[in-house]
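One file, final33.tsv, carrying TSV, C-alpha atoms:
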```tsv
chain	number	residue	atom	x	y	z
E	1	MET	CA	3.42	-11.11	7.51
E	2	ILE	CA	2.94	-14.29	5.51
E	3	SER	CA	2.47	-17.88	6.68
E	4	VAL	CA	4.95	-20.73	6.29
E	5	ARG	CA	2.36	-22.35	4.01
E	6	GLU	CA	2.33	-19.25	1.75
E	7	MET	CA	6.12	-19.11	1.74
E	8	LEU	CA	6.40	-22.70	0.49
E	9	ILE	CA	4.64	-21.92	-2.80
E	10	LEU	CA	7.01	-19.09	-3.74
E	11	PRO	CA	9.30	-19.75	-6.76
E	12	ALA	CA	12.46	-19.33	-4.65
E	13	LEU	CA	11.30	-22.27	-2.50
E	14	SER	CA	10.71	-24.56	-5.50
E	15	GLY	CA	11.88	-28.04	-4.60
E	16	SER	CA	11.42	-27.51	-0.84
E	17	TYR	CA	9.33	-29.93	1.16
E	18	LEU	CA	8.08	-30.36	4.71
E	19	LEU	CA	10.12	-32.55	7.07
E	20	ALA	CA	8.14	-31.96	10.28
E	21	GLY	CA	5.60	-29.68	11.94
E	22	GLN	CA	2.65	-30.10	9.58
E	23	ASN	CA	0.30	-28.51	12.13
E	24	GLY	CA	2.38	-25.34	12.27
E	25	LEU	CA	2.20	-24.35	8.61
E	26	ASP	CA	-0.02	-21.39	9.44
E	27	ARG	CA	2.63	-19.81	11.69
E	28	LYS	CA	3.31	-16.25	10.56
E	29	ILE	CA	6.71	-15.07	9.31
E	30	LYS	CA	7.73	-11.52	10.09
E	31	TYR	CA	11.37	-11.80	8.96
E	32	LEU	CA	14.10	-14.29	8.06
E	33	ASP	CA	17.60	-14.86	9.39
E	34	ILE	CA	20.51	-17.25	8.92
E	35	LEU	CA	21.44	-19.63	11.73
E	36	GLU	CA	24.95	-21.07	11.66
E	37	VAL	CA	26.22	-20.70	15.25
E	38	PRO	CA	25.87	-23.21	18.12
E	39	ASP	CA	24.53	-20.69	20.69
E	40	ALA	CA	21.80	-19.36	18.39
E	41	GLU	CA	19.08	-20.02	20.98
E	42	ASN	CA	20.22	-16.77	22.63
E	43	TRP	CA	19.33	-14.78	19.52
E	44	LEU	CA	16.00	-16.24	18.43
E	45	ALA	CA	13.02	-13.92	18.05
E	46	PRO	CA	9.25	-14.41	17.66
E	47	ASP	CA	7.90	-14.85	14.10
E	48	GLU	CA	11.40	-15.40	12.72
E	49	PHE	CA	12.09	-18.11	10.13
E	50	LEU	CA	15.63	-19.49	10.32
E	51	LEU	CA	17.69	-20.77	7.39
E	52	THR	CA	20.60	-23.14	8.10
E	53	THR	CA	22.92	-25.79	6.72
E	54	ALA	CA	23.00	-27.26	10.26
E	55	PHE	CA	26.79	-26.87	10.28
E	56	ALA	CA	26.74	-25.95	13.96
E	57	PHE	CA	24.86	-29.18	14.75
E	58	LYS	CA	26.55	-31.66	12.37
E	59	ASP	CA	28.06	-33.60	15.26
E	60	SER	CA	25.34	-32.91	17.82
E	61	GLU	CA	21.84	-34.33	17.63
E	62	ASP	CA	21.26	-32.87	21.09
E	63	GLY	CA	22.15	-29.43	19.69
E	64	LEU	CA	19.42	-29.80	17.06
E	65	LYS	CA	16.88	-30.86	19.69
E	66	LYS	CA	17.89	-27.89	21.84
E	67	ILE	CA	17.50	-25.32	19.05
E	68	ILE	CA	14.06	-26.71	18.05
E	69	THR	CA	12.89	-26.57	21.67
E	70	ALA	CA	14.31	-23.06	22.10
E	71	GLY	CA	12.57	-22.04	18.87
E	72	ALA	CA	9.25	-23.27	20.24
E	73	ASP	CA	9.81	-21.33	23.48
E	74	LYS	CA	10.66	-18.15	21.54
E	75	LYS	CA	7.72	-18.68	19.16
E	76	VAL	CA	9.81	-18.69	16.00
E	77	ALA	CA	7.98	-19.36	12.72
E	78	GLY	CA	10.06	-22.36	11.66
E	79	PHE	CA	13.34	-23.68	10.29
E	80	GLY	CA	14.66	-24.33	6.78
E	81	ILE	CA	17.53	-26.82	6.55
E	82	LYS	CA	19.79	-27.62	3.59
E	83	LEU	CA	20.20	-31.38	3.95
E	84	GLY	CA	23.19	-33.00	2.29
E	85	ARG	CA	25.70	-30.36	3.28
E	86	TYR	CA	26.54	-31.35	6.86
E	87	ILE	CA	23.68	-33.68	7.81
E	88	ASN	CA	22.03	-36.00	5.32
E	89	VAL	CA	18.81	-36.78	7.16
E	90	LEU	CA	16.91	-35.20	10.01
E	91	PRO	CA	17.08	-37.51	13.07
E	92	GLU	CA	13.79	-39.16	13.98
E	93	GLN	CA	13.81	-37.77	17.52
E	94	VAL	CA	14.25	-34.23	16.15
E	95	ILE	CA	11.24	-34.81	13.88
E	96	GLN	CA	9.20	-36.04	16.85
E	97	ILE	CA	10.10	-32.96	18.93
E	98	ALA	CA	9.23	-30.62	16.05
E	99	ASN	CA	5.90	-32.38	15.55
E	100	SER	CA	5.10	-32.16	19.26
E	101	TYR	CA	5.62	-28.38	19.11
E	102	SER	CA	3.98	-28.01	15.65
E	103	MET	CA	7.28	-26.44	14.59
E	104	PRO	CA	7.66	-26.51	10.78
E	105	ILE	CA	11.00	-27.76	9.48
E	106	ILE	CA	11.49	-27.39	5.73
E	107	SER	CA	14.07	-29.15	3.55
E	108	LEU	CA	15.65	-26.48	1.32
E	109	PRO	CA	17.29	-27.26	-2.04
E	110	THR	CA	21.06	-26.97	-1.63
E	111	HIS	CA	21.52	-25.10	-4.94
E	112	ILE	CA	19.33	-22.11	-4.00
E	113	PRO	CA	21.36	-19.32	-2.29
E	114	TYR	CA	20.01	-17.92	0.96
E	115	VAL	CA	19.96	-14.46	-0.58
E	116	GLU	CA	17.41	-15.55	-3.23
E	117	ILE	CA	15.12	-17.03	-0.60
E	118	ILE	CA	15.41	-14.01	1.70
E	119	LYS	CA	14.89	-11.57	-1.16
E	120	GLU	CA	11.70	-13.19	-2.43
E	121	VAL	CA	10.15	-13.94	0.96
E	122	MET	CA	11.06	-10.46	2.21
E	123	SER	CA	9.39	-8.92	-0.83
E	124	ARG	CA	6.16	-10.81	-0.10
E	125	ILE	CA	6.27	-9.86	3.58
E	126	ILE	CA	6.78	-6.19	2.74
E	127	LYS	CA	3.97	-6.19	0.18
E	128	SER	CA	1.63	-7.75	2.71
E	129	GLU	CA	2.64	-5.10	5.28
E	130	GLU	CA	2.36	-2.22	2.81
E	131	ASN	CA	-1.01	-3.34	1.53
E	132	THR	CA	-2.68	-3.70	4.89
E	133	GLU	CA	-5.40	-1.16	5.46
E	134	LYS	CA	-3.79	-0.13	8.76
E	135	SER	CA	-0.40	0.62	7.16
E	136	ILE	CA	-1.93	2.63	4.32
E	137	LYS	CA	-4.08	4.57	6.78
E	138	LYS	CA	-1.09	5.48	8.99
E	139	THR	CA	0.88	6.71	5.99
E	140	ASP	CA	-2.05	8.83	4.86
E	141	LEU	CA	-2.38	10.32	8.34
E	142	LEU	CA	1.33	11.20	8.47
E	143	ILE	CA	1.07	13.00	5.12
E	144	GLN	CA	-2.04	14.78	6.40
E	145	LEU	CA	-0.13	15.96	9.47
E	146	ILE	CA	2.73	17.23	7.31
E	147	ASN	CA	0.31	19.25	5.21
E	148	ASP	CA	-2.07	20.38	7.94
E	149	GLU	CA	-1.71	19.40	11.58
E	150	THR	CA	-5.38	18.58	12.15
E	151	GLU	CA	-6.78	17.29	15.43
E	152	THR	CA	-8.59	14.52	13.57
E	153	ALA	CA	-5.31	13.09	12.25
E	154	PHE	CA	-3.78	13.17	15.74
E	155	ASP	CA	-6.84	11.44	17.18
E	156	GLU	CA	-6.71	8.68	14.56
E	157	LEU	CA	-2.98	8.10	15.00
E	158	GLU	CA	-3.55	7.92	18.75
E	159	SER	CA	-5.85	4.97	18.08
E	160	PHE	CA	-2.86	3.25	16.43
E	161	GLY	CA	-0.73	3.72	19.54
E	162	TRP	CA	0.91	7.06	18.75
E	163	GLU	CA	-0.13	8.88	21.91
E	164	ARG	CA	0.23	12.64	22.23
E	165	GLY	CA	3.29	13.56	24.25
E	166	THR	CA	5.29	10.53	23.05
E	167	PRO	CA	8.87	11.70	22.26
E	168	ILE	CA	9.30	11.37	18.48
E	169	ARG	CA	11.65	12.38	15.68
E	170	ILE	CA	11.15	12.96	12.00
E	171	GLY	CA	13.80	11.47	9.73
E	172	LEU	CA	14.57	11.97	6.06
E	173	LEU	CA	16.50	9.26	4.25
E	174	SER	CA	18.10	10.29	0.97
E	175	SER	CA	20.32	8.47	-1.49
E	176	SER	CA	22.23	9.08	-4.69
E	177	PRO	CA	21.09	7.65	-7.03
E	178	CYS	CA	17.49	7.54	-5.78
E	179	PHE	CA	16.11	4.48	-4.01
E	180	SER	CA	14.55	1.76	-6.12
E	181	ASP	CA	11.28	0.13	-5.04
E	182	GLU	CA	13.26	-2.96	-4.08
E	183	GLU	CA	15.60	-0.93	-1.87
E	184	ILE	CA	12.68	0.78	-0.16
E	185	SER	CA	11.19	-2.65	0.56
E	186	LEU	CA	14.56	-3.77	1.94
E	187	PHE	CA	14.67	-0.72	4.22
E	188	ARG	CA	11.17	-1.40	5.52
E	189	TYR	CA	12.12	-5.03	6.15
E	190	ILE	CA	15.23	-4.02	8.14
E	191	LEU	CA	13.14	-1.62	10.23
E	192	LEU	CA	10.65	-4.39	10.96
E	193	LYS	CA	13.44	-6.81	11.85
E	194	SER	CA	14.94	-4.19	14.18
E	195	ASP	CA	11.60	-4.13	16.04
E	196	LEU	CA	11.09	-0.42	15.33
E	197	ASP	CA	7.72	1.30	15.56
E	198	PHE	CA	7.60	3.62	12.55
E	199	ILE	CA	5.51	5.19	9.83
E	200	LEU	CA	6.98	5.73	6.37
E	201	ALA	CA	5.86	8.16	3.69
E	202	TYR	CA	7.58	9.82	0.74
E	203	GLN	CA	8.78	13.37	0.16
E	204	GLN	CA	9.79	13.71	-3.50
E	205	ASP	CA	12.73	11.26	-3.80
E	206	ASP	CA	13.33	10.90	-0.05
E	207	ILE	CA	11.87	8.51	2.50
E	208	LEU	CA	10.07	10.33	5.30
E	209	MET	CA	9.94	8.58	8.64
E	210	LEU	CA	8.11	9.12	11.93
E	211	LEU	CA	9.92	7.29	14.74
E	212	ARG	CA	9.71	7.02	18.50
E	213	ASP	CA	12.78	8.71	20.00
E	214	ILE	CA	13.24	5.95	22.57
E	215	GLN	CA	14.19	3.63	19.69
E	216	ILE	CA	16.89	5.87	18.24
E	217	GLY	CA	19.69	3.38	19.04
E	218	ASN	CA	17.90	0.65	17.11
E	219	LEU	CA	17.48	3.05	14.18
E	220	TYR	CA	21.23	3.73	14.00
E	221	ASN	CA	21.89	-0.03	13.88
E	222	ALA	CA	19.22	-0.47	11.19
E	223	ILE	CA	20.74	2.28	9.03
E	224	HIS	CA	24.21	0.74	9.27
E	225	SER	CA	22.73	-2.64	8.31
E	226	PHE	CA	20.89	-1.06	5.37
E	227	LYS	CA	23.98	0.81	4.20
E	228	SER	CA	26.11	-2.36	4.32
E	229	ARG	CA	23.76	-4.03	1.83
E	230	LEU	CA	23.79	-1.17	-0.69
E	231	LYS	CA	27.14	-0.96	-2.40
E	232	CYS	CA	28.31	2.13	-4.28
E	233	LYS	CA	25.45	4.19	-2.95
E	234	LYS	CA	25.51	7.40	-0.94
E	235	ILE	CA	23.01	7.37	1.94
E	236	LEU	CA	22.15	10.29	4.20
E	237	LEU	CA	19.76	10.20	7.14
E	238	SER	CA	18.81	13.47	8.82
E	239	LEU	CA	16.95	13.55	12.12
E	240	SER	CA	14.99	16.30	13.79
E	241	GLU	CA	15.46	17.00	17.45
E	242	PRO	CA	13.23	14.87	19.73
E	243	ARG	CA	9.92	16.50	20.60
E	244	PRO	CA	6.63	15.40	22.18
E	245	PHE	CA	4.24	14.12	19.55
E	246	SER	CA	1.85	17.03	19.10
E	247	LYS	CA	1.64	19.99	16.76
E	248	CYS	CA	5.34	19.94	15.97
E	249	ILE	CA	5.44	17.64	12.96
E	250	ARG	CA	6.02	20.32	10.35
E	251	HIS	CA	8.73	21.95	12.45
E	252	CYS	CA	10.44	18.57	12.89
E	253	LEU	CA	10.30	18.04	9.13
E	254	TYR	CA	11.83	21.49	8.62
E	255	GLU	CA	14.75	20.52	10.90
E	256	ALA	CA	15.27	17.24	9.05
E	257	LYS	CA	15.25	19.05	5.69
E	258	ILE	CA	17.77	21.65	6.90
E	259	ALA	CA	20.06	18.95	8.31
E	260	ILE	CA	20.11	16.98	5.07
E	261	LYS	CA	20.62	20.17	3.06
E	262	ILE	CA	23.69	21.06	5.12
E	263	ALA	CA	25.06	17.53	4.80
E	264	LYS	CA	24.78	17.82	1.02
E	265	ILE	CA	26.42	21.26	1.04
E	266	LEU	CA	29.35	19.81	2.97
E	267	GLY	CA	29.56	16.92	0.53
E	268	TYR	CA	28.90	14.16	3.05
E	269	SER	CA	28.60	10.85	1.25
E	270	SER	CA	27.15	8.52	3.88
E	271	CYS	CA	26.25	9.47	7.41
E	272	ILE	CA	23.57	10.16	10.00
E	273	ILE	CA	23.01	13.85	10.75
E	274	PRO	CA	20.98	14.89	13.80
E	275	PHE	CA	19.78	18.47	13.49
E	276	SER	CA	21.47	19.26	16.83
E	277	ASP	CA	24.86	18.63	15.16
E	278	VAL	CA	24.28	21.28	12.47
E	279	LYS	CA	22.06	23.72	14.33
E	280	LEU	CA	24.76	26.41	14.40
E	281	LEU	CA	25.36	26.08	10.66
E	282	SER	CA	21.61	26.34	10.05
E	283	LEU	CA	21.61	29.70	11.86
E	284	ILE	CA	24.48	30.87	9.65
E	285	LEU	CA	22.53	29.90	6.53
E	286	GLU	CA	19.65	32.06	7.75
E	287	HIS	CA	21.90	35.04	8.47
E	288	PRO	CA	20.68	38.16	6.60
E	289	GLN	CA	24.23	38.80	5.36
E	290	ILE	CA	24.89	35.24	4.20
E	291	LYS	CA	26.04	36.40	0.75
E	292	ASP	CA	28.69	38.63	2.32
E	293	LEU	CA	29.85	35.77	4.52
E	294	VAL	CA	30.14	33.51	1.49
E	295	LEU	CA	32.17	36.15	-0.33
E	296	VAL	CA	34.65	36.50	2.56
E	297	ALA	CA	35.05	32.71	2.78
E	298	SER	CA	35.53	32.43	-1.00
E	299	ASN	CA	38.27	35.05	-0.89
E	300	MET	CA	39.97	33.20	1.94
E	301	LEU	CA	40.03	29.90	0.02
E	302	SER	CA	40.36	31.39	-3.47
E	303	PRO	CA	44.01	30.26	-3.89
E	304	LEU	CA	42.85	26.62	-3.65
E	305	ILE	CA	39.78	27.12	-5.82
E	306	GLU	CA	41.71	28.95	-8.54
E	307	HIS	CA	44.47	26.30	-8.48
E	308	ASP	CA	41.86	23.55	-8.90
E	309	ASN	CA	40.23	25.42	-11.79
E	310	LEU	CA	43.53	26.09	-13.60
E	311	LYS	CA	45.36	22.81	-12.91
E	312	GLY	CA	42.46	20.38	-12.62
E	313	SER	CA	43.65	19.50	-9.11
E	314	GLU	CA	41.47	18.54	-6.14
E	315	LEU	CA	42.98	20.59	-3.33
E	316	PHE	CA	39.67	21.97	-2.04
E	317	GLU	CA	38.17	18.48	-1.78
E	318	THR	CA	41.39	17.15	-0.26
E	319	LEU	CA	41.32	19.81	2.46
E	320	LYS	CA	37.68	19.06	3.23
E	321	VAL	CA	38.24	15.30	3.53
E	322	TYR	CA	41.47	15.80	5.49
E	323	LEU	CA	39.64	17.89	8.09
E	324	GLU	CA	36.60	15.58	8.04
E	325	SER	CA	38.87	12.64	8.93
E	326	GLY	CA	40.35	14.51	11.91
E	327	LYS	CA	43.62	15.14	10.01
E	328	ASN	CA	44.27	11.41	9.99
E	329	GLN	CA	46.35	10.90	6.84
E	330	GLN	CA	45.65	7.19	6.53
E	331	THR	CA	41.89	7.70	6.77
E	332	ALA	CA	41.91	10.70	4.44
E	333	SER	CA	44.01	8.97	1.75
E	334	SER	CA	41.67	5.97	1.91
E	335	LEU	CA	38.57	8.16	1.54
E	336	LEU	CA	40.16	10.04	-1.36
E	337	ASN	CA	41.38	6.76	-2.90
E	338	ILE	CA	44.93	8.09	-3.27
E	339	HIS	CA	48.36	7.02	-1.98
E	340	ARG	CA	49.42	8.48	1.35
E	341	ASN	CA	52.42	10.18	-0.31
E	342	THR	CA	50.03	11.85	-2.75
E	343	LEU	CA	48.02	13.16	0.19
E	344	LYS	CA	51.20	14.55	1.83
E	345	TYR	CA	52.11	16.29	-1.41
E	346	ARG	CA	48.65	17.85	-1.66
E	347	ILE	CA	48.76	19.02	1.96
E	348	LYS	CA	52.13	20.69	1.25
E	349	GLN	CA	50.53	22.45	-1.75
E	350	ILE	CA	47.62	23.60	0.44
E	351	GLU	CA	50.04	24.98	3.03
E	352	ASP	CA	52.02	26.81	0.34
E	353	LEU	CA	48.86	28.36	-1.13
E	354	LEU	CA	47.05	29.27	2.09
E	355	GLY	CA	49.89	29.61	4.57
E	356	ASN	CA	50.89	27.25	7.37
E	357	GLN	CA	48.81	29.11	9.95
E	358	TYR	CA	45.51	28.01	8.43
E	359	LEU	CA	46.26	24.31	9.00
E	360	ALA	CA	47.15	24.86	12.65
E	361	ASP	CA	44.76	23.06	15.01
E	362	GLN	CA	43.41	26.29	16.48
E	363	ASN	CA	42.26	27.39	13.03
E	364	THR	CA	40.43	24.15	12.14
E	365	PRO	CA	36.98	25.56	13.12
E	366	LEU	CA	37.63	28.63	10.97
E	367	LEU	CA	38.61	26.47	8.00
E	368	TRP	CA	35.52	24.30	8.46
E	369	LEU	CA	33.30	27.36	8.46
E	370	ALA	CA	34.99	28.75	5.35
E	371	ILE	CA	34.59	25.40	3.55
E	372	PHE	CA	30.91	25.28	4.50
E	373	LEU	CA	30.28	28.80	3.23
E	374	CYS	CA	32.22	28.20	0.01
E	375	SER	CA	30.28	25.01	-0.59
E	376	THR	CA	27.04	26.99	-0.60
E	377	LEU	CA	28.19	28.51	-3.91
E	378	HIS	CA	27.39	25.14	-5.47
E	379	ASN	CA	23.98	25.14	-3.75
E	380	LYS	CA	22.84	28.71	-4.39
E	381	THR	CA	19.19	27.95	-3.66
E	382	ASP	CA	20.20	27.39	-0.06
E	383	PHE	CA	20.82	31.09	0.53
E	384	ASP	CA	19.18	32.98	-2.33
```
Can you dump the structure from the file as structure tokens?
Amino acid sequence: MISVREMLILPALSGSYLLAGQNGLDRKIKYLDILEVPDAENWLAPDEFLLTTAFAFKDSEDGLKKIITAGADKKVAGFGIKLGRYINVLPEQVIQIANSYSMPIISLPTHIPYVEIIKEVMSRIIKSEENTEKSIKKTDLLIQLINDETETAFDELESFGWERGTPIRIGLLSSSPCFSDEEISLFRYILLKSDLDFILAYQQDDILMLLRDIQIGNLYNAIHSFKSRLKCKKILLSLSEPRPFSKCIRHCLYEAKIAIKIAKILGYSSCIIPFSDVKLLSLILEHPQIKDLVLVASNMLSPLIEHDNLKGSELFETLKVYLESGKNQQTASSLLNIHRNTLKYRIKQIEDLLGNQYLADQNTPLLWLAIFLCSTLHNKTDFD
């Protein structure tokens, strides 16, 4: 975390100045958020610094007093207001209340976008978190456990609150193209803001994560938030099955690796894949006759594959997306970025090449299995 005082000297805050709460400048900031709704007091969180134009309070001085008081009760870090948009000056009584609570209120330049402030402050917060001795030590211990599940590493992590027997999961977060340092910092920030207890490390180009299983719902929300901020990027998160925190770390990592491998084989672009969802497929990949199974599946779908190779069509991909979308033509055409009539035409071609019976609902599992096995041809290392 950084203090409000440290935040004020950042370039993105150039031109900002203190309106009230001088005695609270050493309050710590854990994350930032934007406040533009009148009932925001219901959503305030400790160590949060709020940015606002005060639109929700432009006709209500009492509303401003209420949000400052609620902020003090919730132990927020402070408020940044863009004066001149909806209110020109901060009312004297609001200043008095803020001073009485030592609640910093900063005047923000109107020309600086919120995103620039959040980006720079977030970067400083993350660097301060990453550079703490405790954070570095926990990452080192996680890597040590992955390489060699030593009792010493478990004992040391227990001193950081990771008790043996705690239900945990291992996650692997992968993207195409690879994550930049800035994106990794953004991800860490979102995890912190989601109040998740985690340890991050790195496995080649992927982000490795140790997470308490009880927080899995918060993780799903964090991933969706992260994905929404990264445009034109494929993101996959695989999760091991939940297990008591003990000598299971390497097995959990194995499950996470298998789950993400299968997601890539199936061509998933952006999703969350628990190992439990692909456990059956993982057993098929380990089958001693996997090459024979792949050959049978390739023969079954060869009319589509050969047509694609000769005509430059995309029937195999169309079938995969069509099934993935639950045979919903509107969803499938949107995912494929084609007109619905084009999708209908392709489906008719698929039926002509394979036969109507294969697209019958009762044969959907068989088709899915054949697609999975055929897709391993493009990932030969998965079964060689």
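Across the structure, atom CA of E:Glu314 and atom CA of E:Leu336 are spaced 9.8 Å apart.
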Subject >> Residue neighbourhood E:Ile68, 9 Å, only C-alpha atoms, exclusion window fewer than 3 positions, as a PyMOL selection string >> reply: chain E and resi 41+63-65+71-73+78-79+94+97-98+101+103
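With distances restricted to all atoms listed in the file, E:Ser128 is the closest residue to E:Glu6 from E:Asn363, E:Asn147, E:Ser375, E:Ser128.
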Residues of stretch 75-179 of chain E that have any atom at most 10 Å from an atom of stretch 12-18 of chain E: could you tabulate them with the shortest-distance atom pair and the distance in Å to one decimal, using only C-alpha atoms, ordered by chain and increasing number, as a Markdown table?
```
| residue | atom | partner | partner_atom | distance |
| --- | --- | --- | --- | --- |
| E:Gly80 | CA | E:Ser16 | CA | 8.9 |
| E:Ile81 | CA | E:Ser16 | CA | 9.6 |
| E:Lys82 | CA | E:Ser16 | CA | 9.5 |
| E:Pro104 | CA | E:Leu18 | CA | 7.2 |
| E:Ile105 | CA | E:Leu18 | CA | 6.2 |
| E:Ile106 | CA | E:Leu18 | CA | 4.6 |
| E:Ser107 | CA | E:Tyr17 | CA | 5.4 |
| E:Leu108 | CA | E:Ser16 | CA | 4.9 |
| E:Pro109 | CA | E:Ser16 | CA | 6.0 |
| E:Thr110 | CA | E:Ser16 | CA | 9.7 |
| E:Ile112 | CA | E:Ala12 | CA | 7.4 |
| E:Pro113 | CA | E:Ala12 | CA | 9.2 |
| E:Tyr114 | CA | E:Ala12 | CA | 9.5 |
| E:Val115 | CA | E:Ala12 | CA | 9.8 |
| E:Glu116 | CA | E:Ala12 | CA | 6.4 |
| E:Ile117 | CA | E:Ala12 | CA | 5.4 |
| E:Ile118 | CA | E:Ala12 | CA | 8.8 |
| E:Lys119 | CA | E:Ala12 | CA | 8.8 |
| E:Glu120 | CA | E:Ala12 | CA | 6.6 |
| E:Val121 | CA | E:Ala12 | CA | 8.1 |
```
**OP:** In the coordinates of the file, take the point (24.3, -21.3, 14.5) and a cut-off of 10 Å; then, counting only C-alpha atoms, name each qualifying protein, DNA or RNA residue as a PyMOL selection string.
**Re:** chain E and resi 34-41+43+50-57+63+67
Convert the current residue selection to file output with C-alpha atoms, as a short mmCIF file (atom, residue, chain, number, x, y, z; two decimals), keeping the file's coordinate frame.
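Final file, again.cif:
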```cif
data_model
loop_
_atom_site.label_atom_id
_atom_site.label_comp_id
_atom_site.auth_asym_id
_atom_site.auth_seq_id
_atom_site.Cartn_x
_atom_site.Cartn_y
_atom_site.Cartn_z
CA ILE E 34 20.51 -17.25 8.92
CA LEU E 35 21.44 -19.63 11.73
CA GLU E 36 24.95 -21.07 11.66
CA VAL E 37 26.22 -20.70 15.25
CA PRO E 38 25.87 -23.21 18.12
CA ASP E 39 24.53 -20.69 20.69
CA ALA E 40 21.80 -19.36 18.39
CA GLU E 41 19.08 -20.02 20.98
CA TRP E 43 19.33 -14.78 19.52
CA LEU E 50 15.63 -19.49 10.32
CA LEU E 51 17.69 -20.77 7.39
CA THR E 52 20.60 -23.14 8.10
CA THR E 53 22.92 -25.79 6.72
CA ALA E 54 23.00 -27.26 10.26
CA PHE E 55 26.79 -26.87 10.28
CA ALA E 56 26.74 -25.95 13.96
CA PHE E 57 24.86 -29.18 14.75
CA GLY E 63 22.15 -29.43 19.69
CA ILE E 67 17.50 -25.32 19.05
#
```
**OP:** May I ask which of the residues E:Ser246, E:Thr166, E:Gln349, E:Thr132 is the closest one to E:Leu145, counting all atoms listed in the file?
**Re:**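 Among E:Ser246, E:Thr166, E:Gln349, E:Thr132, it is E:Ser246 that comes nearest to E:Leu145.
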**OP:** For stretch 343-347 of chain E, work out the shell of residues within 9 Å, counting only C-alpha atoms and skipping chain neighbours fewer than 3 positions away, then give it as an MDAnalysis selection string.
**Re:** chainID E and resid 314:315 318:319 322 329 332:333 336 338:340 350:352
**OP:** Skip E:Thr139 itself and residues of its chain fewer than 6 positions away, then list as a VMD selection string all residues within 12 Å of it, counting all atoms listed in the file.
**Re:** chain E and resid 129 to 133 145 to 146 153 156 to 157 160 198 to 203 207 to 210
**OP:** Name all residues at most 7 Å from E:Ser175 (count only C-alpha atoms; drop same-chain ones fewer than 5 positions away) and give them as a ChimeraX atom specification.
**Re:** /E:233-236
Original post:
Pick the closest to E:Phe245 from E:Gly165, E:Pro91, E:Gly355, E:Gly21: which is it, counting only C-alpha atoms?
Top reply: E:Gly165
**OP:** Mind giving me the straight-line distance from atom CA of E:Ala222 to atom CA of E:Glu158 in Å, one decimal?
**Re:** 25.4 Å
**OP:** May I ask for the distance between atom CA of E:Asp213 and atom CA of E:Ala263, given in Å to one decimal place?
**Re:**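 Result for atom CA of E:Asp213 versus atom CA of E:Ala263: 21.4 Å, one decimal.
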**OP:** Would you mind telling me which residue in E:Gln357, E:Arg5, E:Leu230, E:Glu151 lies nearest to E:Cys178 when using only C-alpha atoms?
**Re:**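 Checking each of E:Gln357, E:Arg5, E:Leu230, E:Glu151 against E:Cys178, counting only C-alpha atoms, the winner is E:Leu230.
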Original post:
Which polymer residues have any atom within 8 Å of an atom of E:Phe226, counting only C-alpha atoms, with same-chain residues fewer than 6 positions away left out, as an NGL selection string?
Top reply: :E and (186-187 or 190)
Set out as a Markdown table a contact list for stretch 219-250 of chain E and stretch 277-281 of chain E with a cut-off of 12 Å, giving each residue of stretch 219-250 of chain E that qualifies its closest atom pair and distance in Å to one decimal, counting only C-alpha atoms, ordered by chain and rising residue number.
```
| residue | atom | partner | partner_atom | distance |
| --- | --- | --- | --- | --- |
| E:Ser238 | CA | E:Asp277 | CA | 10.2 |
| E:Leu239 | CA | E:Asp277 | CA | 9.9 |
| E:Ser240 | CA | E:Asp277 | CA | 10.2 |
| E:Glu241 | CA | E:Asp277 | CA | 9.8 |
```
Subject >> Pick from E:Lys327, E:Leu219, E:Lys291, E:Ile168, whichever lies nearest to E:Leu253 using only C-alpha atoms >> reply: E:Ile168
**OP:** Check the smallest atom-to-atom distance from each of E:Leu353, E:Cys248, E:Leu323, E:Ile136 to E:Glu149 using all atoms listed in the file, then report the winner.
**Re:** E:Cys248
